[in-house]
file model21.txt (compact mmCIF, C-alpha atoms and all ligand atoms)
# COMPACT_ATOMS: atom_id res chain seq x y z
CA MET A 1 0.00 0.00 0.00
CA THR A 2 1.25 3.45 -0.84
CA PRO A 3 1.93 5.38 2.37
CA ARG A 4 -0.16 8.53 2.83
CA ALA A 5 0.69 11.75 4.63
CA LEU A 6 -1.25 14.88 5.52
CA THR A 7 0.47 18.20 6.10
CA VAL A 8 -1.35 20.90 8.02
CA ALA A 9 0.60 24.05 7.22
CA GLY A 10 0.81 27.41 5.52
CA SER A 11 1.23 28.03 1.81
CA ASP A 12 4.40 29.93 0.87
CA VAL A 13 3.80 31.05 -2.69
CA SER A 14 7.55 31.29 -3.38
CA GLY A 15 7.51 27.49 -3.30
CA GLY A 16 10.31 27.14 -0.77
CA ALA A 17 8.56 26.50 2.54
CA GLY A 18 5.20 25.34 3.85
CA ILE A 19 2.96 22.95 1.96
CA ALA A 20 4.92 23.29 -1.29
CA ALA A 21 8.04 22.02 0.48
CA ASP A 22 6.11 19.30 2.30
CA LEU A 23 4.30 17.90 -0.72
CA LYS A 24 7.47 17.83 -2.81
CA MET A 25 9.25 16.03 -0.03
CA PHE A 26 6.47 13.46 0.34
CA GLU A 27 6.71 12.83 -3.40
CA GLU A 28 10.46 12.35 -3.05
CA TYR A 29 9.79 9.43 -0.69
CA GLY A 30 7.02 7.90 -2.79
CA VAL A 31 4.47 8.97 -0.19
CA PHE A 32 1.07 10.19 -1.34
CA GLY A 33 0.64 13.62 0.18
CA THR A 34 -2.13 16.09 0.68
CA ALA A 35 -2.40 19.40 2.50
CA ALA A 36 -4.80 21.27 4.76
CA VAL A 37 -3.87 24.94 4.43
CA THR A 38 -3.86 27.15 7.54
CA CYS A 39 -2.57 30.43 6.13
CA ILE A 40 -1.21 31.96 2.95
CA VAL A 41 2.15 33.74 2.86
CA THR A 42 2.71 36.22 0.03
CA PHE A 43 5.13 39.10 -0.34
CA ASP A 44 5.07 42.59 -1.70
CA PRO A 45 7.64 43.23 -4.46
CA GLU A 46 6.99 46.99 -4.02
CA ASP A 47 8.00 46.79 -0.36
CA SER A 48 11.36 44.93 -0.28
CA PHE A 49 9.41 41.67 -0.60
CA GLY A 50 7.98 42.14 2.91
CA HIS A 51 5.80 39.19 3.87
CA VAL A 52 2.05 39.27 4.29
CA ILE A 53 0.28 36.41 6.09
CA GLU A 54 -3.43 35.76 5.70
CA PHE A 55 -5.00 33.27 8.08
CA LEU A 56 -7.77 30.98 6.97
CA GLU A 57 -10.83 30.87 9.20
CA PRO A 58 -10.63 28.00 11.72
CA GLU A 59 -13.88 26.59 10.29
CA VAL A 60 -12.18 26.27 6.92
CA VAL A 61 -9.18 24.53 8.50
CA ASN A 62 -11.60 22.28 10.35
CA ARG A 63 -13.46 21.38 7.15
CA GLN A 64 -10.21 20.55 5.37
CA LEU A 65 -9.13 18.25 8.21
CA ASP A 66 -12.50 16.53 8.33
CA SER A 67 -12.49 16.06 4.57
CA ALA A 68 -8.92 14.77 4.37
CA LEU A 69 -9.42 12.38 7.27
CA ALA A 70 -12.69 11.13 5.78
CA VAL A 71 -11.13 10.18 2.45
CA HIS A 72 -7.70 8.81 3.45
CA ASP A 73 -6.22 6.53 6.07
CA PHE A 74 -3.05 8.47 6.80
CA ASP A 75 0.20 6.94 8.02
CA VAL A 76 1.37 10.25 9.44
CA ILE A 77 0.24 13.82 10.04
CA LYS A 78 2.77 16.64 9.89
CA SER A 79 2.08 20.21 10.94
CA GLY A 80 3.93 23.42 10.16
CA MET A 81 2.77 27.03 10.38
CA LEU A 82 -0.60 26.90 12.09
CA GLY A 83 -1.43 30.56 11.99
CA SER A 84 -4.02 30.98 14.70
CA VAL A 85 -4.73 29.60 18.16
CA GLU A 86 -8.13 28.38 16.95
CA SER A 87 -6.65 26.40 14.05
CA ALA A 88 -4.06 24.85 16.35
CA LEU A 89 -6.83 23.76 18.73
CA VAL A 90 -8.81 22.26 15.86
CA LEU A 91 -5.76 20.20 14.89
CA ALA A 92 -5.16 19.08 18.50
CA GLU A 93 -8.74 17.80 18.67
CA ARG A 94 -8.38 15.80 15.45
CA LEU A 95 -5.06 14.33 16.61
CA ARG A 96 -6.59 13.25 19.92
CA ASP A 97 -9.42 11.54 17.99
CA ASN A 98 -7.16 9.78 15.50
CA HIS A 99 -4.00 8.60 17.34
CA LEU A 100 -1.84 8.85 14.22
CA PRO A 101 1.94 9.32 14.24
CA TYR A 102 2.38 13.09 14.40
CA VAL A 103 5.41 15.12 13.36
CA PHE A 104 5.08 18.56 14.93
CA ASP A 105 7.20 21.33 13.42
CA PRO A 106 6.43 24.01 16.02
CA VAL A 107 6.72 27.07 13.78
CA LEU A 108 7.12 29.97 16.20
CA VAL A 109 10.09 31.77 14.70
CA CYS A 110 10.39 31.88 10.94
CA LYS A 111 13.24 33.53 9.02
CA GLY A 112 11.96 36.51 7.07
CA VAL A 113 8.30 35.99 7.91
CA GLY A 114 8.25 36.78 11.63
CA THR A 115 7.55 35.32 15.03
CA MET A 116 4.39 33.71 16.36
CA VAL A 117 5.54 33.21 19.91
CA ASP A 118 2.03 33.88 21.24
CA LEU A 119 1.27 30.28 20.24
CA LYS A 120 3.91 28.94 22.64
CA ASP A 121 1.68 28.14 25.65
CA LEU A 122 -0.92 26.54 23.46
CA PHE A 123 1.75 24.39 21.81
CA VAL A 124 3.14 23.26 25.17
CA GLU A 125 -0.28 22.42 26.59
CA ASN A 126 -2.00 20.92 23.57
CA LEU A 127 0.36 19.74 20.85
CA VAL A 128 3.74 18.87 22.40
CA PRO A 129 2.25 15.92 24.37
CA LEU A 130 0.73 14.51 21.15
CA ALA A 131 3.96 14.64 19.13
CA THR A 132 5.63 11.44 17.97
CA VAL A 133 8.47 13.72 16.83
CA ILE A 134 8.78 17.46 17.48
CA THR A 135 11.29 19.44 15.40
CA PRO A 136 12.02 22.90 16.89
CA ASN A 137 14.79 25.06 15.44
CA LEU A 138 17.23 26.70 17.87
CA GLU A 139 15.02 29.72 18.56
CA GLU A 140 11.91 27.59 18.94
CA ALA A 141 13.64 25.18 21.33
CA ALA A 142 14.77 28.17 23.43
CA THR A 143 11.25 29.65 23.36
CA LEU A 144 9.57 26.37 24.31
CA THR A 145 11.94 25.78 27.22
CA GLY A 146 12.21 29.43 28.31
CA SER A 147 15.98 29.24 27.99
CA ASP A 148 18.59 31.63 26.63
CA GLU A 149 19.78 31.38 23.04
CA LEU A 150 21.14 27.89 22.27
CA THR A 151 24.72 28.21 21.06
CA SER A 152 26.20 24.75 21.67
CA VAL A 153 25.43 21.08 21.10
CA ASP A 154 25.24 20.60 24.89
CA ALA A 155 22.59 23.30 25.14
CA MET A 156 20.66 21.63 22.30
CA ILE A 157 20.76 18.29 24.13
CA GLU A 158 19.55 19.92 27.34
CA ALA A 159 16.66 21.58 25.47
CA ALA A 160 15.78 18.27 23.77
CA ARG A 161 15.58 16.57 27.17
CA ALA A 162 13.42 19.38 28.58
CA ILE A 163 10.99 19.22 25.63
CA HIS A 164 10.81 15.44 25.98
CA ALA A 165 9.84 15.97 29.62
CA MET A 166 6.89 18.09 28.35
CA GLY A 167 5.51 14.96 26.69
CA ALA A 168 6.93 14.69 23.15
CA ALA A 169 8.05 11.12 22.43
CA ASN A 170 11.06 12.15 20.28
CA VAL A 171 12.67 15.57 20.06
CA VAL A 172 14.84 16.76 17.17
CA VAL A 173 16.46 20.13 17.86
CA LYS A 174 17.38 21.53 14.45
CA GLY A 175 20.65 23.38 14.67
CA GLY A 176 21.18 22.96 10.95
CA ALA A 177 23.42 25.58 9.43
CA ARG A 178 22.57 28.10 12.14
CA LEU A 179 24.86 26.70 14.80
CA ALA A 180 28.30 28.30 14.49
CA GLY A 181 31.02 25.97 13.22
CA GLU A 182 31.82 23.80 10.22
CA ASP A 183 29.03 21.30 10.67
CA ALA A 184 25.26 21.45 10.37
CA VAL A 185 24.26 19.68 13.60
CA ASP A 186 20.91 18.28 14.69
CA VAL A 187 20.19 16.48 17.95
CA LEU A 188 17.67 13.68 18.58
CA PHE A 189 16.55 12.61 22.06
CA ASP A 190 14.16 9.63 22.10
CA GLY A 191 13.65 9.43 25.83
CA SER A 192 16.66 7.22 26.45
CA ASP A 193 19.36 7.93 23.86
CA VAL A 194 20.82 11.11 22.45
CA THR A 195 21.98 10.98 18.81
CA VAL A 196 23.92 13.88 17.32
CA PHE A 197 23.71 14.07 13.52
CA ARG A 198 26.44 16.02 11.75
CA ALA A 199 27.09 16.93 8.13
CA LYS A 200 29.58 19.40 6.71
CA LYS A 201 27.81 22.67 5.89
CA VAL A 202 27.40 22.63 2.12
CA ASN A 203 27.29 26.41 1.59
CA ASP A 204 26.28 29.58 3.42
CA HIS A 205 23.22 30.47 1.39
CA LEU A 206 20.07 31.57 3.09
CA VAL A 207 17.76 28.66 2.29
CA ASN A 208 14.07 29.10 2.93
CA GLY A 209 12.10 26.04 3.96
CA ALA A 210 14.99 23.80 5.02
CA GLY A 211 13.30 23.33 8.41
CA CYS A 212 9.92 22.53 6.86
CA SER A 213 11.55 20.08 4.45
CA PHE A 214 13.53 18.39 7.24
CA ALA A 215 10.36 17.84 9.27
CA SER A 216 8.35 16.59 6.28
CA ALA A 217 11.18 14.25 5.32
CA ILE A 218 11.10 12.81 8.85
CA ALA A 219 7.31 12.41 8.51
CA ALA A 220 7.70 10.71 5.11
CA GLY A 221 10.36 8.39 6.54
CA ILE A 222 8.02 7.38 9.36
CA ALA A 223 5.19 6.83 6.86
CA THR A 224 7.43 4.45 4.91
CA GLY A 225 8.22 2.48 8.06
CA LEU A 226 11.63 3.82 9.06
CA SER A 227 12.52 4.00 12.76
CA VAL A 228 12.72 7.55 14.11
CA PRO A 229 16.57 7.64 14.19
CA ASP A 230 16.75 6.29 10.64
CA ALA A 231 14.06 8.72 9.48
CA VAL A 232 16.07 11.61 10.94
CA GLY A 233 19.34 10.43 9.36
CA ARG A 234 17.73 9.97 5.95
CA ALA A 235 15.96 13.35 6.23
CA LYS A 236 19.23 15.08 7.01
CA GLU A 237 20.88 13.53 3.98
CA ILE A 238 18.04 14.54 1.62
CA VAL A 239 17.89 18.09 2.99
CA ALA A 240 21.68 18.50 2.70
CA HIS A 241 21.44 17.56 -0.98
CA GLY A 242 18.48 19.90 -1.44
CA VAL A 243 20.41 22.78 0.16
CA ALA A 244 23.44 22.03 -2.02
CA GLY A 245 21.31 22.21 -5.16
CA ALA A 246 19.06 25.09 -4.02
CA ILE A 247 17.78 27.60 -6.58
CA GLU A 248 17.64 31.35 -6.02
CA ASN A 249 14.57 33.55 -6.49
CA ALA A 250 14.36 37.30 -7.13
CA THR A 251 14.43 38.10 -3.40
CA GLY A 252 17.90 36.55 -3.10
CA VAL A 253 16.46 33.68 -1.06
CA ARG A 254 17.10 30.10 -2.10
CA SER A 255 14.71 27.16 -2.07
CA LEU A 256 15.58 23.48 -1.87
CA LEU A 257 15.55 21.82 -5.25
CA HIS A 258 13.54 18.62 -5.54
CA PRO A 259 13.91 15.78 -6.18
CA ALA A 260 16.68 16.70 -3.84
CA ALA A 261 19.07 13.80 -3.95
CA ARG A 262 19.00 13.28 -7.70
CA CYS A 263 19.59 16.93 -8.60
CA SER A 264 22.43 17.69 -6.21
CA PRO A 265 25.66 18.60 -7.99
CA HIS A 266 27.58 17.92 -4.79
CA GLY A 267 28.07 14.18 -5.02
CA SER A 268 27.96 12.28 -1.77
CA ILE A 269 27.22 13.89 1.56
CA THR A 270 28.21 12.00 4.67
CA ILE A 271 26.01 12.10 7.72
CA ALA A 272 27.87 11.19 10.90
CA ARG A 273 26.08 10.01 14.03
CA ASP A 274 27.60 10.17 17.48
O1 LIG B 1 10.11 28.07 7.46
C1 LIG B 1 8.99 28.36 8.17
C2 LIG B 1 7.79 28.58 7.32
C3 LIG B 1 6.73 27.73 7.48
N1 LIG B 1 5.60 27.85 6.77
C4 LIG B 1 5.46 28.82 5.82
C5 LIG B 1 6.48 29.72 5.61
C6 LIG B 1 7.69 29.60 6.34
C7 LIG B 1 8.81 30.50 6.09
O2 LIG B 1 8.87 31.20 5.10
O3 LIG B 1 6.34 30.68 4.68
C8 LIG B 1 4.19 28.90 5.05

call {"tool": "encode", "arguments": {"input": "model21.txt", "output": "structure tokens", "more": "lines below"}}
Ligand code: PXL
result
Amino acid sequence: MTPRALTVAGSDVSGGAGIAADLKMFEEYGVFGTAAVTCIVTFDPEDSFGHVIEFLEPEVVNRQLDSALAVHDFDVIKSGMLGSVESALVLAERLRDNHLPYVFDPVLVCKGVGTMVDLKDLFVENLVPLATVITPNLEEAATLTGSDELTSVDAMIEAARAIHAMGAANVVVKGGARLAGEDAVDVLFDGSDVTVFRAKKVNDHLVNGAGCSFASAIAAGIATGLSVPDAVGRAKEIVAHGVAGAIENATGVRSLLHPAARCSPHGSITIARD
């Protein structure tokens, strides 16, 4: 049976982040994907490409979730930018009803688009405990745990443990290219073991949607039956290739190129685990 995945996320019309990134990644894994849209991100070319976010009414998000869940038996649900408190609560209710594996990308701080830190308490109370895997970036991990900026692998591990204690089964703190140093580093804590994933940084471009793509690759890996550590390792490899082959748009921002692995001009990329 073809695995099926639902992403509940925003639409980024540049094609780099949000549902565009998620659906392309699902395709990359041979996973049938569909999307329930929570908000629409556009930008104004007359105003330095400043971003504009329009939220969909929670009833519309609700109807999309009901419809998607009525017509497919999903192997995984992934969420990204949720937009409003009401939409996040609608999703929490559906997840409680359905008990599906859930990859929660807790979008609170988004490069270029802005912060949504007012969703933090709602995330901690309602969505973190439902997560099979939660994938905060450095800022989001600091926001969720109320800690200072995370600037080391040790601090990432500590944050991963703290977020696990809030109820998430597996925590991936995405350092990616943002952690200073030669390597893009991500940390997984599964409740007993810590795994540190490292890959040489492939370039210093600003790549939009790498975090979304990493989380949707983990979701796709889970849908295809990979263990969580293997899903994270595979996701890191695919995203590294996508970053290496990223294409630039008129705003100077780059987007991952899919199918990531096949298009990368960078040959092999080694992911180390320690
Ligand atoms: O990368 C976070 C993100 C998530 N979702 C949407 C976005 C972005 C960043 O641009 O536009 C829709």

call {"tool": "residues_around", "arguments": {"input": "model21.txt", "residues": "stretch 131-145 of chain A", "least_positions_apart": "4", "cutoff": "8 Å", "atoms": "all atoms listed in the file", "output": "PDB file with C-alpha atoms, in the frame of the given file"}}
result
ATOM      1  CA  PRO A 101       1.940   9.320  14.240  1.00  0.00           C
ATOM      2  CA  TYR A 102       2.380  13.090  14.400  1.00  0.00           C
ATOM      3  CA  VAL A 103       5.410  15.120  13.360  1.00  0.00           C
ATOM      4  CA  PHE A 104       5.080  18.560  14.930  1.00  0.00           C
ATOM      5  CA  ASP A 105       7.200  21.330  13.420  1.00  0.00           C
ATOM      6  CA  PRO A 106       6.430  24.010  16.020  1.00  0.00           C
ATOM      7  CA  VAL A 107       6.720  27.070  13.780  1.00  0.00           C
ATOM      8  CA  LEU A 108       7.120  29.970  16.200  1.00  0.00           C
ATOM      9  CA  VAL A 109      10.090  31.770  14.700  1.00  0.00           C
ATOM     10  CA  VAL A 117       5.540  33.210  19.910  1.00  0.00           C
ATOM     11  CA  LYS A 120       3.910  28.940  22.640  1.00  0.00           C
ATOM     12  CA  VAL A 124       3.140  23.260  25.170  1.00  0.00           C
ATOM     13  CA  LEU A 127       0.360  19.740  20.850  1.00  0.00           C
ATOM     14  CA  GLU A 149      19.780  31.380  23.040  1.00  0.00           C
ATOM     15  CA  LEU A 150      21.140  27.890  22.270  1.00  0.00           C
ATOM     16  CA  MET A 156      20.660  21.630  22.300  1.00  0.00           C
ATOM     17  CA  ALA A 159      16.660  21.580  25.470  1.00  0.00           C
ATOM     18  CA  ALA A 160      15.780  18.270  23.770  1.00  0.00           C
ATOM     19  CA  ALA A 162      13.420  19.380  28.580  1.00  0.00           C
ATOM     20  CA  ILE A 163      10.990  19.220  25.630  1.00  0.00           C
ATOM     21  CA  GLY A 167       5.510  14.960  26.690  1.00  0.00           C
ATOM     22  CA  ALA A 168       6.930  14.690  23.150  1.00  0.00           C
ATOM     23  CA  ALA A 169       8.050  11.120  22.430  1.00  0.00           C
ATOM     24  CA  ASN A 170      11.060  12.150  20.280  1.00  0.00           C
ATOM     25  CA  VAL A 171      12.670  15.570  20.060  1.00  0.00           C
ATOM     26  CA  VAL A 172      14.840  16.760  17.170  1.00  0.00           C
ATOM     27  CA  VAL A 173      16.460  20.130  17.860  1.00  0.00           C
ATOM     28  CA  LYS A 174      17.380  21.530  14.450  1.00  0.00           C
ATOM     29  CA  GLY A 175      20.650  23.380  14.670  1.00  0.00           C
ATOM     30  CA  ARG A 178      22.570  28.100  12.140  1.00  0.00           C
ATOM     31  CA  GLY A 211      13.300  23.330   8.410  1.00  0.00           C
ATOM     32  CA  ALA A 215      10.360  17.840   9.270  1.00  0.00           C
ATOM     33  CA  VAL A 228      12.720   7.550  14.110  1.00  0.00           C
TER      34      VAL A 228
END

call {"tool": "residues_near_ligand", "arguments": {"input": "model21.txt", "ligand": "ligand LIG 1 (chain B)", "cutoff": "10 Å", "atoms": "only C-alpha atoms and all ligand atoms", "output": "PyMOL selection string"}}
result
chain A and resi 8-22+37-43+51-53+79-83+105-115+137+207-213

call {"tool": "axis_aligned_box", "arguments": {"input": "model21.txt", "around": "stretch 242-254 of chain A", "padding_each_side": "5 Å", "output": "lines of an AutoDock Vina configuration file"}}
result
center_x = 18.9
center_y = 29.0
center_z = -3.5
size_x = 19.1
size_y = 28.2
size_z = 17.3

call {"tool": "atom_distance", "arguments": {"input": "model21.txt", "atom1": "atom CA of A:Leu226", "atom2": "atom CA of A:Val31"}}
result
12.8 Å

call {"tool": "atom_distance", "arguments": {"input": "model21.txt", "atom1": "atom CA of A:Val128", "atom2": "atom CA of A:Phe197"}}
result
22.4 Å

call {"tool": "closest_residue", "arguments": {"input": "model21.txt", "among": "A:Arg273, A:His205, A:His99, A:Lys78", "to": "A:Met25", "atoms": "all atoms listed in the file"}}
result
A:Lys78

call {"tool": "closest_residue", "arguments": {"input": "model21.txt", "among": "A:Gln64, A:Asn203, A:Ser192, A:Ser216", "to": "A:Val76", "atoms": "all atoms listed in the file"}}
result
A:Ser216

call {"tool": "atom_distance", "arguments": {"input": "model21.txt", "atom1": "atom CA of A:Gly33", "atom2": "atom CA of A:Thr7"}}
result
7.5 Å

call {"tool": "closest_residue", "arguments": {"input": "model21.txt", "among": "A:Val153, A:Ala36, A:Val85, A:Ala68", "to": "A:Met116", "atoms": "all atoms listed in the file"}}
result
A:Val85

call {"tool": "closest_residue", "arguments": {"input": "model21.txt", "among": "A:Ala180, A:Ala155, A:Ile77, A:Leu256", "to": "A:Ile222", "atoms": "all atoms listed in the file"}}
result
A:Ile77

call {"tool": "residues_around", "arguments": {"input": "model21.txt", "residues": "A:Gly242", "least_positions_apart": "2", "cutoff": "6 Å", "atoms": "all atoms listed in the file", "output": "PDB file with C-alpha atoms, keeping the file's coordinate frame"}}
result
ATOM      1  CA  VAL A 239      17.890  18.090   2.990  1.00  0.00           C
ATOM      2  CA  ALA A 240      21.680  18.500   2.700  1.00  0.00           C
ATOM      3  CA  ALA A 244      23.440  22.030  -2.020  1.00  0.00           C
ATOM      4  CA  GLY A 245      21.310  22.210  -5.160  1.00  0.00           C
ATOM      5  CA  ALA A 246      19.060  25.090  -4.020  1.00  0.00           C
ATOM      6  CA  LEU A 256      15.580  23.480  -1.870  1.00  0.00           C
ATOM      7  CA  LEU A 257      15.550  21.820  -5.250  1.00  0.00           C
ATOM      8  CA  ALA A 260      16.680  16.700  -3.840  1.00  0.00           C
TER       9      ALA A 260
END

call {"tool": "residues_around", "arguments": {"input": "model21.txt", "residues": "A:Glu182", "least_positions_apart": "3", "cutoff": "12 Å", "atoms": "all atoms listed in the file", "output": "list in words"}}
result
Gly176, Ala177, Arg178, Leu179, Val185, Arg198, Ala199, Lys200, Lys201, Val202, Asn203 and Asp204 of chain A

call {"tool": "residues_around", "arguments": {"input": "model21.txt", "residues": "A:Asp97", "least_positions_apart": "4", "cutoff": "12 Å", "atoms": "all atoms listed in the file", "output": "list in words"}}
result
Leu65, Asp66, Leu69, Val90, Leu91, Ala92, Glu93 and Leu130 of chain A

call {"tool": "write_last_selection", "arguments": {"input": "model21.txt", "atoms": "C-alpha atoms", "output": "compact mmCIF listing (two decimals), in the frame of the given file"}}
result
# COMPACT_ATOMS: atom_id res chain seq x y z
CA LEU A 65 -9.13 18.25 8.21
CA ASP A 66 -12.50 16.53 8.33
CA LEU A 69 -9.42 12.38 7.27
CA VAL A 90 -8.81 22.26 15.86
CA LEU A 91 -5.76 20.20 14.89
CA ALA A 92 -5.16 19.08 18.50
CA GLU A 93 -8.74 17.80 18.67
CA LEU A 130 0.73 14.51 21.15

call {"tool": "closest_residue", "arguments": {"input": "model21.txt", "among": "A:Met1, A:Ser84, A:Asp73, A:Pro229", "to": "A:Asp118", "atoms": "all atoms listed in the file"}}
result
A:Ser84

call {"tool": "closest_residue", "arguments": {"input": "model21.txt", "among": "A:Ala88, A:Leu56, A:Val61, A:Ala184", "to": "A:Ser152", "atoms": "all atoms listed in the file"}}
result
A:Ala184
